[in-house]
Each structure stands twice: as C-alpha cells, then as structure tokens.
file coords-v6.cif (mmCIF, C-alpha atoms)
data_work
#
loop_
_atom_site.label_atom_id
_atom_site.label_comp_id
_atom_site.auth_asym_id
_atom_site.auth_seq_id
_atom_site.Cartn_x
_atom_site.Cartn_y
_atom_site.Cartn_z
CA MET A 1 100.97 110.31 85.87
CA PHE A 2 101.83 106.88 87.30
CA ILE A 3 103.77 108.42 90.18
CA GLY A 4 100.78 110.60 91.05
CA LEU A 5 98.42 107.61 90.98
CA LEU A 6 100.83 105.59 93.09
CA TYR A 7 101.15 108.38 95.65
CA LEU A 8 97.39 108.81 95.96
CA GLN A 9 96.88 105.06 96.30
CA MET A 10 99.51 104.77 99.02
CA ILE A 11 98.25 107.63 101.16
CA GLY A 12 94.58 106.81 100.58
CA ASP A 13 94.68 103.11 101.48
CA ARG A 14 95.12 102.93 105.25
CA SER A 15 94.17 99.24 105.44
CA LYS A 16 97.74 98.22 104.55
CA PRO A 17 100.91 99.43 106.29
CA LEU A 18 102.88 102.03 104.34
CA VAL A 19 106.11 100.05 104.77
CA ARG A 20 104.60 96.98 103.06
CA GLN A 21 103.35 99.12 100.18
CA ALA A 22 106.78 100.75 99.84
CA GLN A 23 108.46 97.33 99.73
CA VAL A 24 106.28 96.23 96.82
CA VAL A 25 106.95 99.55 95.03
CA VAL A 26 110.71 99.07 95.37
CA ILE A 27 110.47 95.50 94.06
CA VAL A 28 108.50 96.69 91.03
CA MET A 29 111.00 99.49 90.40
CA VAL A 30 113.88 97.00 90.39
CA MET A 31 111.95 94.65 88.09
CA MET A 32 111.21 97.55 85.74
CA TYR A 33 114.89 98.50 85.63
CA VAL A 34 115.93 94.92 84.83
CA LEU A 35 113.14 94.35 82.30
CA MET A 36 113.99 97.58 80.44
CA ARG A 37 117.33 96.00 79.52
CA PHE A 38 115.65 93.09 77.74
CA PHE A 39 112.30 94.42 76.48
CA PRO A 40 110.98 97.62 74.91
CA GLY A 41 109.58 100.15 77.40
CA SER A 42 105.90 99.41 76.93
CA THR A 43 106.39 95.65 77.17
CA ALA A 44 108.58 96.03 80.26
CA MET A 45 105.93 98.24 81.87
CA LEU A 46 103.22 95.65 81.20
CA ILE A 47 105.29 92.75 82.54
CA ALA A 48 106.39 94.71 85.63
CA THR A 49 102.78 95.72 86.32
CA VAL A 50 101.47 92.17 86.12
CA LEU A 51 104.34 90.81 88.21
CA GLY A 52 103.87 93.63 90.72
CA CYS A 53 100.19 92.76 91.09
CA LEU A 54 101.03 89.11 91.66
CA ILE A 55 103.74 89.97 94.19
CA GLY A 56 101.41 92.37 95.97
CA MET A 57 98.76 89.68 96.23
CA GLY A 58 101.31 87.19 97.52
CA VAL A 59 102.60 89.62 100.14
CA GLU A 60 99.05 90.43 101.22
CA ARG A 61 98.13 86.75 101.64
CA ALA A 62 101.37 86.05 103.53
CA HIS A 63 100.51 88.74 106.09
CA GLU A 64 96.92 87.62 106.68
#

call {"tool": "encode", "arguments": {"input": "coords-v6.cif", "output": "structure tokens"}}
result
Amino acid sequence: MFIGLLYLQMIGDRSKPLVRQAQVVVIVMVMMYVLMRFFPGSTAMLIATVLGCLIGMGVERAHE
C-alpha cells in the first residue's frame, strides 16, 4: 500500500524534480533499514516517516 501511495505521489507532483524525490526516498529507505535493527517495525516506520518528512522539508528549503 505504501509503495502504491509513494508511486502516485511521485508521478502526480510535477512541481518537484523526480530526482530530488527519489533521493529523499532512498534516504528514508536506508533509515528504515537501520532503524529496523534497533526498534520494532511499527516504531521504526514511525521514526523513519517523521525523519523523512523533516529531511524532505529541509531539501525543499535548500533548493528554493
């Protein structure tokens, strides 16, 4: 379900370059992999989501 939502968000939002969106996705995937080693799955997903949002906002502001 999350992959489908991610795909639709990436192809539907043309205001941001696809490469920048893909970079944030890769960062979140790596964070999720690392966090799964230290936290249960649901907690790791929550932390990775919040950190991904913060990173995405930071990347967006850096490119403005």

call {"tool": "residues_around", "arguments": {"input": "coords-v6.cif", "residues": "segment 20-36 of chain A", "least_positions_apart": "3", "cutoff": "6 Å", "atoms": "all atoms listed in the file", "output": "JSON, numbers by chain"}}
result
{"A": [17, 39, 41, 44, 48, 52]}

call {"tool": "atom_distance", "arguments": {"input": "coords-v6.cif", "atom1": "atom CA of Gly4 of chain A", "atom2": "atom CA of Arg61 of chain A"}}
result
26.2 Å

call {"tool": "atom_distance", "arguments": {"input": "coords-v6.cif", "atom1": "atom CA of Met1 of chain A", "atom2": "atom CA of Thr49 of chain A"}}
result
14.7 Å

call {"tool": "atom_distance", "arguments": {"input": "coords-v6.cif", "atom1": "atom CA of Val59 of chain A", "atom2": "atom CA of Tyr7 of chain A"}}
result
19.3 Å

call {"tool": "axis_aligned_box", "arguments": {"input": "coords-v6.cif", "around": "segment 47-60 of chain A", "padding_each_side": "4 Å", "output": "AutoDock Vina command-line options"}}
result
--center_x 102.6 --center_y 91.5 --center_z 91.9 --size_x 15.6 --size_y 16.5 --size_z 26.7
